[in-house]
file model16.cif (mmCIF, C-alpha atoms (C1' of nucleotides))
data_structure
loop_
_atom_site.label_atom_id
_atom_site.label_comp_id
_atom_site.auth_asym_id
_atom_site.auth_seq_id
_atom_site.Cartn_x
_atom_site.Cartn_y
_atom_site.Cartn_z
CA MET A 1 49.86 -16.73 -14.52
CA ALA A 2 48.14 -17.81 -11.36
CA ALA A 3 44.73 -16.27 -11.03
CA HIS A 4 43.28 -14.68 -7.95
CA TYR A 5 40.20 -16.88 -7.97
CA GLY A 6 40.89 -20.55 -8.43
CA ALA A 7 39.13 -23.50 -9.94
CA GLY A 8 36.82 -23.88 -6.97
CA VAL A 9 35.04 -20.65 -7.81
CA GLU A 10 34.56 -21.75 -11.38
CA TYR A 11 33.21 -25.16 -10.41
CA ALA A 12 30.82 -23.64 -7.91
CA LEU A 13 29.52 -20.94 -10.23
CA HIS A 14 28.86 -23.25 -13.13
CA SER A 15 27.22 -25.82 -10.90
CA LEU A 16 24.99 -23.15 -9.43
CA LEU A 17 24.03 -21.99 -12.91
CA TYR A 18 22.83 -25.49 -13.71
CA LEU A 19 20.93 -25.42 -10.45
CA VAL A 20 19.14 -22.23 -11.41
CA ASP A 21 17.46 -24.01 -14.29
CA ARG A 22 16.34 -26.73 -11.89
CA SER A 23 15.28 -24.48 -9.03
CA GLU A 24 11.63 -25.10 -9.92
CA SER A 25 11.93 -28.83 -9.41
CA ALA A 26 10.79 -30.20 -6.07
CA ARG A 27 13.62 -32.69 -6.08
CA ALA A 28 17.13 -31.94 -4.93
CA THR A 29 20.02 -32.41 -7.33
CA SER A 30 22.88 -34.74 -6.51
CA THR A 31 26.30 -33.17 -6.39
CA ARG A 32 27.68 -36.30 -7.99
CA ASP A 33 25.48 -35.85 -11.03
CA LEU A 34 26.51 -32.22 -11.22
CA ALA A 35 30.15 -33.29 -11.15
CA ASP A 36 29.75 -36.04 -13.74
CA LEU A 37 27.91 -33.64 -16.00
CA GLN A 38 30.80 -31.21 -16.02
CA LEU A 39 33.60 -33.81 -15.76
CA VAL A 40 34.98 -32.33 -12.56
CA PRO A 41 36.12 -34.23 -9.44
CA PRO A 42 32.96 -35.31 -7.56
CA GLU A 43 34.44 -35.27 -4.07
CA TYR A 44 35.92 -31.87 -4.61
CA LEU A 45 32.66 -30.44 -5.84
CA ALA A 46 30.85 -31.95 -2.87
CA LYS A 47 33.27 -30.24 -0.56
CA LEU A 48 32.65 -26.93 -2.30
CA PHE A 49 28.92 -27.27 -1.72
CA THR A 50 29.46 -27.61 2.00
CA ARG A 51 30.95 -24.11 1.92
CA LEU A 52 28.03 -22.82 -0.09
CA GLN A 53 25.72 -24.29 2.50
CA ARG A 54 27.57 -22.66 5.36
CA ALA A 55 27.21 -19.36 3.55
CA GLY A 56 23.47 -19.83 3.33
CA ILE A 57 23.43 -20.03 -0.46
CA THR A 58 22.37 -23.64 -0.82
CA ALA A 59 20.69 -26.19 1.40
CA SER A 60 21.55 -29.86 1.45
CA ALA A 61 19.26 -32.84 1.91
CA GLU A 62 21.04 -35.87 3.27
CA GLY A 63 20.18 -39.47 2.70
CA ILE A 64 19.41 -41.54 -0.33
CA GLY A 65 17.19 -39.07 -2.13
CA GLY A 66 19.37 -36.19 -1.09
CA GLY A 67 21.10 -33.47 -2.95
CA VAL A 68 21.41 -29.71 -3.04
CA ARG A 69 19.07 -26.86 -3.87
CA PHE A 70 19.03 -23.13 -3.40
CA ALA A 71 18.41 -21.88 0.11
CA ARG A 72 17.30 -18.53 -1.24
CA SER A 73 16.25 -17.30 -4.64
CA PRO A 74 19.01 -17.21 -7.29
CA ASN A 75 18.25 -13.57 -7.94
CA GLN A 76 19.37 -12.84 -4.40
CA VAL A 77 22.72 -14.55 -4.75
CA SER A 78 25.47 -12.42 -6.25
CA VAL A 79 28.68 -13.64 -7.81
CA LEU A 80 30.50 -12.00 -4.94
CA ASP A 81 28.50 -14.07 -2.47
CA VAL A 82 29.68 -17.24 -4.16
CA VAL A 83 33.27 -16.04 -4.31
CA HIS A 84 33.25 -15.18 -0.63
CA ALA A 85 31.68 -18.52 0.23
CA ILE A 86 34.35 -20.46 -1.64
CA GLU A 87 37.50 -18.42 -1.23
CA GLY A 88 36.70 -16.40 1.85
CA THR A 89 37.38 -12.69 1.96
CA LYS A 90 40.55 -12.76 -0.07
CA PRO A 91 42.42 -9.46 -0.12
CA LEU A 92 43.77 -8.05 -3.34
CA PHE A 93 46.85 -6.89 -1.51
CA ALA A 94 48.23 -7.93 1.87
CA CYS A 95 49.90 -4.80 3.19
CA ARG A 96 52.88 -5.57 5.40
CA GLU A 97 53.29 -2.00 6.54
CA ILE A 98 56.82 -1.85 5.28
CA ARG A 99 57.09 1.87 5.88
CA ARG A 100 56.85 1.24 9.59
CA ARG A 101 59.81 -1.09 9.62
CA CYS A 102 62.19 1.59 8.55
CA ALA A 103 65.85 1.28 9.42
CA LEU A 104 65.82 4.92 10.44
CA PHE A 105 63.60 4.41 13.47
CA PRO A 106 64.33 0.98 14.88
CA GLU A 107 62.72 1.63 18.25
CA ARG A 108 59.90 4.01 17.48
CA PRO A 109 58.92 3.38 13.89
CA ALA A 110 57.95 6.21 11.63
CA GLY A 111 54.45 4.81 11.49
CA GLU A 112 53.86 6.10 14.97
CA LYS A 113 52.28 9.15 13.45
CA ILE A 114 50.63 7.32 10.59
CA VAL A 115 47.26 6.60 12.02
CA GLU A 116 45.60 5.95 8.69
CA VAL A 117 46.28 3.13 6.30
CA CYS A 118 49.31 3.13 4.04
CA SER A 119 48.66 5.18 0.92
CA ILE A 120 49.53 2.30 -1.36
CA HIS A 121 47.21 0.09 0.61
CA ALA A 122 44.47 2.70 0.23
CA VAL A 123 44.77 2.58 -3.54
CA MET A 124 44.63 -1.19 -3.51
CA LEU A 125 41.59 -1.17 -1.27
CA GLU A 126 39.85 1.23 -3.62
CA ALA A 127 40.61 -1.05 -6.57
CA GLN A 128 39.35 -4.06 -4.67
CA ALA A 129 36.15 -2.25 -3.75
CA LYS A 130 35.49 -1.42 -7.39
CA MET A 131 36.10 -5.01 -8.38
CA GLU A 132 33.87 -6.47 -5.70
CA ALA A 133 31.14 -3.95 -6.46
CA THR A 134 31.06 -5.29 -9.99
CA LEU A 135 30.83 -8.87 -8.79
CA ALA A 136 28.11 -7.89 -6.35
CA GLY A 137 26.10 -6.32 -9.15
CA TRP A 138 25.54 -9.61 -10.96
CA THR A 139 23.23 -12.26 -9.57
CA LEU A 140 23.16 -15.88 -10.59
CA GLN A 141 19.73 -15.33 -12.11
CA ASP A 142 21.12 -12.54 -14.28
CA ILE A 143 23.84 -14.76 -15.66
CA ALA A 144 21.53 -17.72 -16.15
CA ASP A 145 19.11 -15.54 -18.09
CA ARG A 146 21.90 -14.21 -20.21
CA VAL A 147 23.17 -17.70 -20.96
CA ASN A 148 19.70 -18.95 -21.87
CA THR A 149 19.19 -16.18 -24.39
CA LYS A 150 22.37 -17.23 -26.13
CA LEU A 151 21.73 -20.95 -25.98
CA PRO A 152 18.07 -21.22 -26.92
CA GLY A 153 16.42 -24.10 -25.26
CA GLU A 154 17.97 -27.21 -26.60
CA PHE A 155 21.04 -27.14 -24.46
CA THR A 156 19.26 -26.33 -21.22
CA ALA A 157 16.54 -28.86 -21.96
CA GLY A 158 19.12 -31.50 -22.79
CA VAL A 159 20.89 -30.94 -19.51
CA ALA A 160 17.61 -31.13 -17.60
CA MET A 161 16.75 -34.40 -19.28
CA TRP A 162 20.17 -35.82 -18.61
CA LEU A 163 20.00 -34.94 -14.93
CA ASP A 164 16.49 -36.34 -14.61
CA LYS A 165 17.55 -39.56 -16.27
CA ARG A 166 20.45 -39.87 -13.88
CA ALA A 167 18.21 -39.33 -10.90
CA LEU A 168 15.69 -41.81 -12.26
CA GLN A 169 18.39 -44.37 -12.91
CA ARG A 170 19.07 -44.49 -9.21
CA GLY A 171 15.55 -44.58 -7.77
CA LYS A 172 12.82 -46.22 -9.75
CA ASN A 173 9.42 -45.10 -8.53
CA ARG A 174 9.32 -41.75 -6.86
CA LYS A 175 6.31 -39.65 -6.14
CA GLY A 176 6.29 -36.32 -7.87
CA SER A 177 8.59 -37.46 -10.61
CA LEU A 178 8.81 -35.08 -13.53
CA MET B 1 44.41 -15.45 2.95
CA ALA B 2 46.77 -15.34 0.02
CA ALA B 3 46.59 -12.04 -1.79
CA HIS B 4 46.50 -11.53 -5.52
CA TYR B 5 49.49 -9.23 -5.52
CA GLY B 6 52.46 -10.47 -3.56
CA ALA B 7 55.30 -8.97 -1.61
CA GLY B 8 57.22 -8.08 -4.75
CA VAL B 9 54.67 -5.45 -5.69
CA GLU B 10 54.84 -3.92 -2.25
CA TYR B 11 58.62 -3.82 -2.22
CA ALA B 12 58.73 -2.25 -5.66
CA LEU B 13 56.09 0.37 -4.98
CA HIS B 14 57.60 1.53 -1.70
CA SER B 15 61.07 1.63 -3.19
CA LEU B 16 59.81 3.67 -6.09
CA LEU B 17 58.13 6.10 -3.71
CA TYR B 18 61.46 6.71 -2.03
CA LEU B 19 62.95 7.23 -5.47
CA VAL B 20 60.39 9.89 -6.29
CA ASP B 21 61.76 12.11 -3.53
CA ARG B 22 65.24 11.61 -4.92
CA SER B 23 64.37 11.99 -8.58
CA GLU B 24 65.90 15.48 -8.57
CA SER B 25 69.29 14.19 -7.51
CA ALA B 26 71.79 13.71 -10.28
CA ARG B 27 73.15 10.62 -8.63
CA ALA B 28 71.59 7.18 -8.95
CA THR B 29 70.42 5.37 -5.84
CA SER B 30 71.81 1.99 -4.92
CA THR B 31 69.28 -0.81 -4.70
CA ARG B 32 71.20 -2.16 -1.73
CA ASP B 33 70.67 1.04 0.22
CA LEU B 34 67.00 0.97 -0.71
CA ALA B 35 66.77 -2.56 0.63
CA ASP B 36 68.66 -1.85 3.83
CA LEU B 37 66.49 1.18 4.45
CA GLN B 38 63.33 -0.89 4.36
CA LEU B 39 64.81 -4.06 5.85
CA VAL B 40 63.90 -6.18 2.85
CA PRO B 41 66.11 -8.77 1.11
CA PRO B 42 68.67 -6.86 -1.02
CA GLU B 43 69.11 -9.49 -3.72
CA TYR B 44 65.39 -9.88 -4.13
CA LEU B 45 64.85 -6.16 -4.45
CA ALA B 46 67.63 -5.96 -7.02
CA LYS B 47 65.93 -8.63 -9.06
CA LEU B 48 62.66 -6.71 -8.91
CA PHE B 49 64.35 -3.63 -10.30
CA THR B 50 65.51 -5.55 -13.34
CA ARG B 51 61.85 -6.14 -14.15
CA LEU B 52 61.08 -2.47 -13.66
CA GLN B 53 63.88 -1.67 -16.05
CA ARG B 54 62.59 -4.07 -18.68
CA ALA B 55 59.21 -2.34 -18.40
CA GLY B 56 60.86 1.00 -19.04
CA ILE B 57 59.99 2.41 -15.64
CA THR B 58 63.50 2.74 -14.26
CA ALA B 59 66.97 2.85 -15.74
CA SER B 60 70.02 1.25 -14.16
CA ALA B 61 73.57 2.51 -14.11
CA GLU B 62 76.12 -0.23 -13.72
CA GLY B 63 79.50 -0.01 -12.19
CA ILE B 64 80.86 1.37 -8.98
CA GLY B 65 78.78 4.51 -8.81
CA GLY B 66 75.77 2.78 -10.18
CA GLY B 67 72.21 2.53 -9.05
CA VAL B 68 68.70 3.10 -10.28
CA ARG B 69 66.65 6.12 -11.27
CA PHE B 70 63.43 6.80 -13.09
CA ALA B 71 63.47 6.31 -16.83
CA ARG B 72 60.44 8.56 -17.19
CA SER B 73 58.75 11.04 -14.93
CA PRO B 74 57.02 9.54 -11.85
CA ASN B 75 53.81 11.28 -12.84
CA GLN B 76 53.74 9.11 -15.94
CA VAL B 77 54.08 5.84 -14.06
CA SER B 78 50.85 4.38 -12.76
CA VAL B 79 50.44 1.81 -10.05
CA LEU B 80 49.15 -0.55 -12.71
CA ASP B 81 52.36 -0.12 -14.67
CA VAL B 82 54.37 -1.24 -11.68
CA VAL B 83 52.05 -4.16 -11.00
CA HIS B 84 52.31 -5.33 -14.59
CA ALA B 85 56.07 -4.96 -14.53
CA ILE B 86 56.43 -7.10 -11.42
CA GLU B 87 53.66 -9.66 -11.66
CA GLY B 88 52.95 -9.63 -15.36
CA THR B 89 49.41 -9.49 -16.66
CA LYS B 90 47.86 -11.61 -13.94
CA PRO B 91 44.25 -12.55 -14.60
CA LEU B 92 41.63 -12.26 -11.91
CA PHE B 93 40.08 -15.47 -13.12
CA ALA B 94 41.48 -18.20 -15.34
CA CYS B 95 38.48 -19.52 -17.21
CA ARG B 96 38.81 -23.20 -18.09
CA GLU B 97 35.76 -23.22 -20.31
CA ILE B 98 34.11 -25.91 -18.27
CA ARG B 99 30.83 -25.57 -20.10
CA ARG B 100 32.48 -26.86 -23.24
CA ARG B 101 33.62 -30.05 -21.57
CA CYS B 102 30.11 -31.22 -20.94
CA ALA B 103 29.44 -34.93 -20.57
CA LEU B 104 26.45 -34.50 -22.83
CA PHE B 105 28.46 -33.75 -25.93
CA PRO B 106 31.72 -35.67 -25.69
CA GLU B 107 32.58 -35.37 -29.36
CA ARG B 108 31.20 -32.02 -30.35
CA PRO B 109 31.13 -29.90 -27.24
CA ALA B 110 28.25 -27.60 -26.53
CA GLY B 111 30.59 -24.67 -26.86
CA GLU B 112 30.57 -25.15 -30.58
CA LYS B 113 27.91 -22.51 -30.78
CA ILE B 114 29.34 -20.36 -28.02
CA VAL B 115 31.48 -17.98 -29.99
CA GLU B 116 31.69 -15.39 -27.26
CA VAL B 117 33.38 -15.71 -23.93
CA CYS B 118 31.77 -17.60 -21.08
CA SER B 119 29.27 -15.39 -19.26
CA ILE B 120 30.96 -15.94 -15.94
CA HIS B 121 34.25 -15.05 -17.51
CA ALA B 122 32.70 -11.90 -18.90
CA VAL B 123 31.67 -10.78 -15.42
CA MET B 124 35.12 -11.47 -14.09
CA LEU B 125 36.74 -9.56 -16.94
CA GLU B 126 34.49 -6.61 -16.23
CA ALA B 127 35.47 -6.68 -12.55
CA GLN B 128 39.14 -6.91 -13.45
CA ALA B 129 38.82 -3.98 -15.83
CA LYS B 130 37.28 -1.84 -13.09
CA MET B 131 40.03 -2.80 -10.71
CA GLU B 132 42.84 -2.09 -13.15
CA ALA B 133 41.27 1.18 -14.18
CA THR B 134 41.53 2.28 -10.57
CA LEU B 135 45.16 1.26 -10.37
CA ALA B 136 45.85 3.03 -13.64
CA GLY B 137 44.33 6.23 -12.28
CA TRP B 138 46.99 6.69 -9.64
CA THR B 139 50.52 7.68 -10.51
CA LEU B 140 53.53 7.33 -8.27
CA GLN B 141 53.75 11.10 -8.09
CA ASP B 142 50.17 11.26 -6.81
CA ILE B 143 50.90 8.85 -4.00
CA ALA B 144 54.19 10.48 -3.11
CA ASP B 145 52.49 13.85 -2.86
CA ARG B 146 49.78 12.41 -0.70
CA VAL B 147 52.31 10.81 1.62
CA ASN B 148 54.33 13.97 1.91
CA THR B 149 51.30 15.98 2.97
CA LYS B 150 50.73 13.57 5.79
CA LEU B 151 54.33 13.29 6.86
CA PRO B 152 55.51 16.88 6.78
CA GLY B 153 59.12 17.11 5.94
CA GLU B 154 61.03 15.52 8.72
CA PHE B 155 60.55 11.96 7.63
CA THR B 156 61.32 12.55 3.98
CA ALA B 157 64.29 14.73 4.84
CA GLY B 158 65.57 12.12 7.28
CA VAL B 159 65.41 9.43 4.63
CA ALA B 160 67.21 11.62 2.13
CA MET B 161 69.97 12.32 4.65
CA TRP B 162 70.27 8.66 5.51
CA LEU B 163 70.60 7.64 1.87
CA ASP B 164 73.17 10.36 1.21
CA LYS B 165 75.17 9.32 4.23
CA ARG B 166 75.18 5.73 3.03
CA ALA B 167 76.43 6.74 -0.39
CA LEU B 168 79.11 8.87 1.22
CA GLN B 169 80.04 6.17 3.72
CA ARG B 170 81.02 3.87 0.91
CA GLY B 171 83.48 6.36 -0.47
CA LYS B 172 85.09 6.81 2.94
CA ASN B 173 85.47 3.11 3.47
CA ARG B 174 87.19 2.85 0.16
CA LYS B 175 89.75 5.44 1.18
CA GLY B 176 90.33 3.84 4.55
CA SER B 177 90.71 0.36 3.15
CA LEU B 178 93.64 1.29 1.05
"C1'" DG C 1 103.13 13.77 -14.82
"C1'" DG C 2 100.28 10.97 -17.75
"C1'" DA C 3 98.63 6.51 -19.48
"C1'" DA C 4 97.75 1.84 -18.52
"C1'" DA C 5 96.82 -1.78 -15.20
"C1'" DT C 6 94.36 -3.03 -11.07
"C1'" DC C 7 90.99 -3.14 -7.73
"C1'" DT C 8 86.52 -2.38 -5.83
"C1'" DA C 9 81.64 -1.91 -5.84
"C1'" DC C 10 77.66 -2.24 -8.33
"C1'" DT C 11 74.04 -4.28 -11.48
"C1'" DC C 12 72.54 -8.27 -14.32
"C1'" DG C 13 70.86 -12.91 -15.06
"C1'" DG C 14 70.37 -17.72 -14.27
"C1'" DA C 15 69.94 -21.62 -11.14
"C1'" DT C 16 68.17 -23.31 -7.10
"C1'" DA C 17 66.16 -24.22 -2.46
"C1'" DC C 18 62.28 -23.49 0.50
"C1'" DC C 19 57.56 -23.39 1.71
"C1'" DG C 20 52.76 -22.21 1.92
"C1'" DC C 21 48.45 -22.98 -0.42
"C1'" DG C 22 45.20 -24.62 -3.82
"C1'" DT C 23 43.76 -28.86 -5.80
"C1'" DG C 24 42.38 -33.39 -5.52
"C1'" DT C 25 41.70 -37.91 -3.08
"C1'" DC C 26 40.41 -41.04 0.53
"C1'" DC C 27 37.90 -42.68 4.40
"C1'" DG C 28 34.72 -42.97 8.33
"C1'" DA C 29 30.39 -41.18 10.22
"C1'" DG C 30 25.73 -39.79 10.06
"C1'" DT C 31 21.24 -39.75 7.52
"C1'" DT C 32 17.28 -41.31 4.78
"C1'" DA C 33 14.40 -43.79 1.60
"C1'" DT C 34 13.86 -48.40 -0.41
"C1'" DG C 35 13.23 -53.31 -0.26
"C1'" DG C 36 13.14 -57.42 2.27
"C1'" DT C 37 11.65 -60.15 6.31
"C1'" DG C 38 8.93 -61.98 9.96
"C1'" DG C 39 4.84 -61.83 12.81
"C1'" DC D 1 -1.27 -56.93 5.77
"C1'" DC D 2 1.70 -54.44 8.73
"C1'" DA D 3 5.72 -53.44 11.59
"C1'" DC D 4 10.52 -53.88 11.78
"C1'" DC D 5 15.16 -54.28 10.07
"C1'" DA D 6 18.98 -54.36 6.78
"C1'" DT D 7 20.89 -52.14 2.93
"C1'" DA D 8 22.07 -48.80 -0.47
"C1'" DA D 9 22.82 -44.07 -1.66
"C1'" DC D 10 23.88 -39.67 -0.34
"C1'" DT D 11 26.04 -35.75 2.27
"C1'" DC D 12 29.36 -34.23 5.87
"C1'" DG D 13 33.84 -33.44 7.76
"C1'" DG D 14 38.54 -34.34 8.64
"C1'" DA D 15 43.04 -35.88 7.13
"C1'" DC D 16 46.44 -36.16 3.73
"C1'" DA D 17 49.24 -36.37 -0.66
"C1'" DC D 18 50.72 -33.75 -4.59
"C1'" DG D 19 52.32 -29.95 -7.40
"C1'" DC D 20 52.74 -25.25 -8.54
"C1'" DG D 21 54.27 -20.73 -7.90
"C1'" DG D 22 55.96 -16.91 -4.94
"C1'" DT D 23 59.82 -15.81 -2.00
"C1'" DA D 24 64.45 -15.76 -1.05
"C1'" DT D 25 69.37 -16.92 -1.67
"C1'" DC D 26 73.64 -17.77 -4.04
"C1'" DC D 27 77.01 -17.31 -7.62
"C1'" DG D 28 79.32 -16.04 -11.89
"C1'" DA D 29 79.62 -12.36 -15.38
"C1'" DG D 30 79.93 -7.80 -17.00
"C1'" DT D 31 80.71 -2.82 -16.12
"C1'" DA D 32 82.37 1.67 -14.49
"C1'" DG D 33 85.03 4.63 -11.59
"C1'" DA D 34 88.80 5.49 -8.39
"C1'" DT D 35 93.43 4.24 -7.13
"C1'" DT D 36 97.84 2.54 -8.02
"C1'" DT D 37 101.68 1.44 -10.89
"C1'" DC D 38 104.90 2.02 -14.44
"C1'" DC D 39 107.23 4.52 -18.06
#
call {"tool": "encode", "arguments": {"input": "model16.cif", "output": "structure tokens"}}
result
Amino acid sequence: MAAHYGAGVEYALHSLLYLVDRSESARATSTRDLADLQLVPPEYLAKLFTRLQRAGITASAEGIGGGVRFARSPNQVSVLDVVHAIEGTKPLFACREIRRRCALFPERPAGEKIVEVCSIHAVMLEAQAKMEATLAGWTLQDIADRVNTKLPGEFTAGVAMWLDKRALQRGKNRKGSL
Amino acid sequence: MAAHYGAGVEYALHSLLYLVDRSESARATSTRDLADLQLVPPEYLAKLFTRLQRAGITASAEGIGGGVRFARSPNQVSVLDVVHAIEGTKPLFACREIRRRCALFPERPAGEKIVEVCSIHAVMLEAQAKMEATLAGWTLQDIADRVNTKLPGEFTAGVAMWLDKRALQRGKNRKGSL
DNA sequence: GGAAATCTACTCGGATACCGCGTGTCCGAGTTATGGTGG
DNA sequence: CCACCATAACTCGGACACGCGGTATCCGAGTAGATTTCC
């Protein structure tokens, strides 16, 4: 029932996808607008972006005209990067080394001779590596491109207009306005 | 910090590995002995074995001489089978279809035209498939063989003796108690 | 001596308590552009 | 007209409440085998 990756990852990824379409703009995008657009908790989303910033994925501009933008190109940010930024390096399996706590050898556990990792743990690590390799193979630019080929124009353009209108609604005259 | 697969999976897998070495024995193995051997909660381990039974991995014999044994050969039980039996089909990512709840289209969501799965979800599903394929590629017999090549004999034999002694000790206590 | 009753040990299944963690909210602090104010 | 100041809007970071789900425990019920009891 409960998934490995939570809602934070989903919020962050979708928000970043919207940001990809706006990465050309000179203006930063407000996290509040991003939250209102997707109907997700604004404060929570803002907190998520602080983690993305710490990971070097986005950069934040403080102050009244502030907001977030990409710190590096979206085609150099993988899905795994985002996941690690939000959730940290979450293991698929937390091995407790049960075999070493065997009732047979209370003082000197059997694991004395087991220098390598537990065999079950090894399998899990292999599975996790395969999974993360897949996530590392997709960049945000890849996904954004794929989405844009399925939703031709009107949706992306509508979102861009909506975000611009929101930004304009706050500040009236700004140099370099779109 | 929190892993995708919990302690239940670890308990079950290690217990089943011990069972592989005893799969030749005609007698069933008590779940209580299995728990005491590994110093894990006996009631909890017993509950886990009921799930393994429902999945058709093990079979239980009730009554005084009861216990558990494999329902099918250990080389036909994959790690993924055990994981599914214990944790159920746990998704890597629970997509909430955020893109459909866009503030732009409150009545008719944008997802109206999105017949396929969300692109982010698709990436996650691909990663999950890779992971599960790895887990499905390893059988309990494979892991048991690998362990036994690293721990030559004495450990496995010691465990077998310990379990046999426990089973025998119960019979003796019964005689003495009368 | 054999059949039935009893007793013990085991698994099964539900109910429940505990607790850590993800999710979401709130608030104060720091920062920056805008607009107003006074010289 | 220009310099200065107050204000609004935004991000940052910590603290905290809430709820869910995994972990663990307890108890009653059902079952099978060994022992005892009775005829």
call {"tool": "closest_residue", "arguments": {"input": "model16.cif", "among": "B:Arg51, B:Glu62, B:Leu19, B:Tyr11", "to": "chain D", "atoms": "all atoms listed in the file"}}
result
B:Glu62
call {"tool": "residues_around", "arguments": {"input": "model16.cif", "residues": "C:DT23", "least_positions_apart": "2", "cutoff": "9 Å", "atoms": "only C-alpha atoms (C1' of nucleotides)", "output": "PDB file with C-alpha atoms (C1' of nucleotides), in the coordinates of the input"}}
result
ATOM      1  CA  ALA A   7      39.130 -23.500  -9.940  1.00  0.00           C
ATOM      2  CA  GLY A   8      36.820 -23.880  -6.970  1.00  0.00           C
ATOM      3  CA  TYR A  44      35.920 -31.870  -4.610  1.00  0.00           C
TER       4      TYR A  44
ATOM      5  C1'  DC D  18      50.720 -33.750  -4.590  1.00  0.00           C
ATOM      6  C1'  DG D  19      52.320 -29.950  -7.400  1.00  0.00           C
TER       7       DG D  19
END
call {"tool": "resolve_selection", "arguments": {"input": "model16.cif", "expression": "the PyMOL selection byres ((chain A and resi 57) around 8)", "output": "list in words"}}
result
Leu52, Gln53, Arg54, Ala55, Gly56, Thr58, Ala59, Phe70, Ala71, Arg72, Val77 and Val82 of chain A
call {"tool": "residues_around", "arguments": {"input": "model16.cif", "residues": "D:DA3", "least_positions_apart": "4", "cutoff": "12 Å", "atoms": "all atoms listed in the file", "output": "list in words"}}
result
DT37, DG38 and DG39 of chain C
call {"tool": "resolve_selection", "arguments": {"input": "model16.cif", "expression": "the PyMOL selection byres ((chain A) within 6 of (chain B))", "output": "list of chain:residue names"}}
result
A:Met1, A:Ala3, A:His4, A:Tyr5, A:Leu37, A:Gln38, A:Lys90, A:Pro91, A:Leu92, A:Phe93, A:Ala94, A:Cys102, A:Ala103, A:Ala127, A:Lys130, A:Met131, A:Thr134
call {"tool": "resolve_selection", "arguments": {"input": "model16.cif", "expression": "the PyMOL selection byres ((chain C and resi 16) around 12)", "output": "PDB file with C-alpha atoms (C1' of nucleotides), keeping the file's coordinate frame"}}
result
ATOM      1  C1'  DG C  14      70.370 -17.720 -14.270  1.00  0.00           C
ATOM      2  C1'  DA C  15      69.940 -21.620 -11.140  1.00  0.00           C
ATOM      3  C1'  DA C  17      66.160 -24.220  -2.460  1.00  0.00           C
ATOM      4  C1'  DC C  18      62.280 -23.490   0.500  1.00  0.00           C
TER       5       DC C  18
ATOM      6  C1'  DA D  24      64.450 -15.760  -1.050  1.00  0.00           C
ATOM      7  C1'  DT D  25      69.370 -16.920  -1.670  1.00  0.00           C
ATOM      8  C1'  DC D  26      73.640 -17.770  -4.040  1.00  0.00           C
ATOM      9  C1'  DC D  27      77.010 -17.310  -7.620  1.00  0.00           C
TER      10       DC D  27
END
call {"tool": "axis_aligned_box", "arguments": {"input": "model16.cif", "around": "stretch 159-166 of chain A", "padding_each_side": "3 Å", "output": "lines of an AutoDock Vina configuration file"}}
result
center_x = 18.7
center_y = -35.4
center_z = -16.7
size_x = 10.4
size_y = 14.9
size_z = 11.6
call {"tool": "atom_distance", "arguments": {"input": "model16.cif", "atom1": "atom CA of A:Ala157", "atom2": "atom CA of A:Val20"}}
result
12.7 Å
call {"tool": "closest_atom_pairs", "arguments": {"input": "model16.cif", "of": "chain B", "to": "chain C", "cutoff": "6 Å", "atoms": "all atoms listed in the file", "output": "CSV"}}
result
residue,atom,partner,partner_atom,distance
B:Glu62,CA,C:DT11,C1',5.1
B:Gly63,CA,C:DC10,C1',4.8
B:Ile64,CA,C:DA9,C1',4.6
B:Gly66,CA,C:DC10,C1',5.7
call {"tool": "residues_near_point", "arguments": {"input": "model16.cif", "point": "(22.7, -36.4, -1.6)", "cutoff": "9 Å", "atoms": "only C-alpha atoms (C1' of nucleotides)", "output": "list in words"}}
result
Ala28, Thr29, Ser30, Thr31, Arg32, Ser60, Ala61, Glu62, Gly63, Ile64, Gly65, Gly66, Gly67 and Val68 of chain A; DA9, DC10 and DT11 of chain D
call {"tool": "write_last_selection", "arguments": {"input": "model16.cif", "atoms": "C-alpha atoms (C1' of nucleotides)", "output": "compact mmCIF listing (two decimals), in the frame of the given file"}}
result
# COMPACT_ATOMS: atom_id res chain seq x y z
CA ALA A 28 17.13 -31.94 -4.93
CA THR A 29 20.02 -32.41 -7.33
CA SER A 30 22.88 -34.74 -6.51
CA THR A 31 26.30 -33.17 -6.39
CA ARG A 32 27.68 -36.30 -7.99
CA SER A 60 21.55 -29.86 1.45
CA ALA A 61 19.26 -32.84 1.91
CA GLU A 62 21.04 -35.87 3.27
CA GLY A 63 20.18 -39.47 2.70
CA ILE A 64 19.41 -41.54 -0.33
CA GLY A 65 17.19 -39.07 -2.13
CA GLY A 66 19.37 -36.19 -1.09
CA GLY A 67 21.10 -33.47 -2.95
CA VAL A 68 21.41 -29.71 -3.04
C1' DA D 9 22.82 -44.07 -1.66
C1' DC D 10 23.88 -39.67 -0.34
C1' DT D 11 26.04 -35.75 2.27
call {"tool": "closest_residue", "arguments": {"input": "model16.cif", "among": "B:Leu45, B:Ala167, B:Leu80, B:Val117", "to": "chain D", "atoms": "all atoms listed in the file"}}
result
B:Leu45
call {"tool": "closest_atom_pairs", "arguments": {"input": "model16.cif", "of": "chain D", "to": "chain B", "cutoff": "12 Å", "atoms": "all atoms listed in the file", "output": "tab-separated table"}}
result
residue	atom	partner	partner_atom	distance
D:DG21	C1'	B:Gly6	CA	11.3
D:DG22	C1'	B:Gly6	CA	7.5
D:DT23	C1'	B:Ala7	CA	8.2
D:DA24	C1'	B:Tyr44	CA	6.7
D:DT25	C1'	B:Glu43	CA	7.7
D:DC26	C1'	B:Glu43	CA	9.4
D:DC27	C1'	B:Glu43	CA	11.8
D:DG30	C1'	B:Glu62	CA	9.1
D:DT31	C1'	B:Gly63	CA	5.0
D:DA32	C1'	B:Gly63	CA	4.0
D:DG33	C1'	B:Ile64	CA	5.9
D:DA34	C1'	B:Ile64	CA	9.0
D:DT35	C1'	B:Leu178	CA	8.7
D:DT36	C1'	B:Leu178	CA	10.1
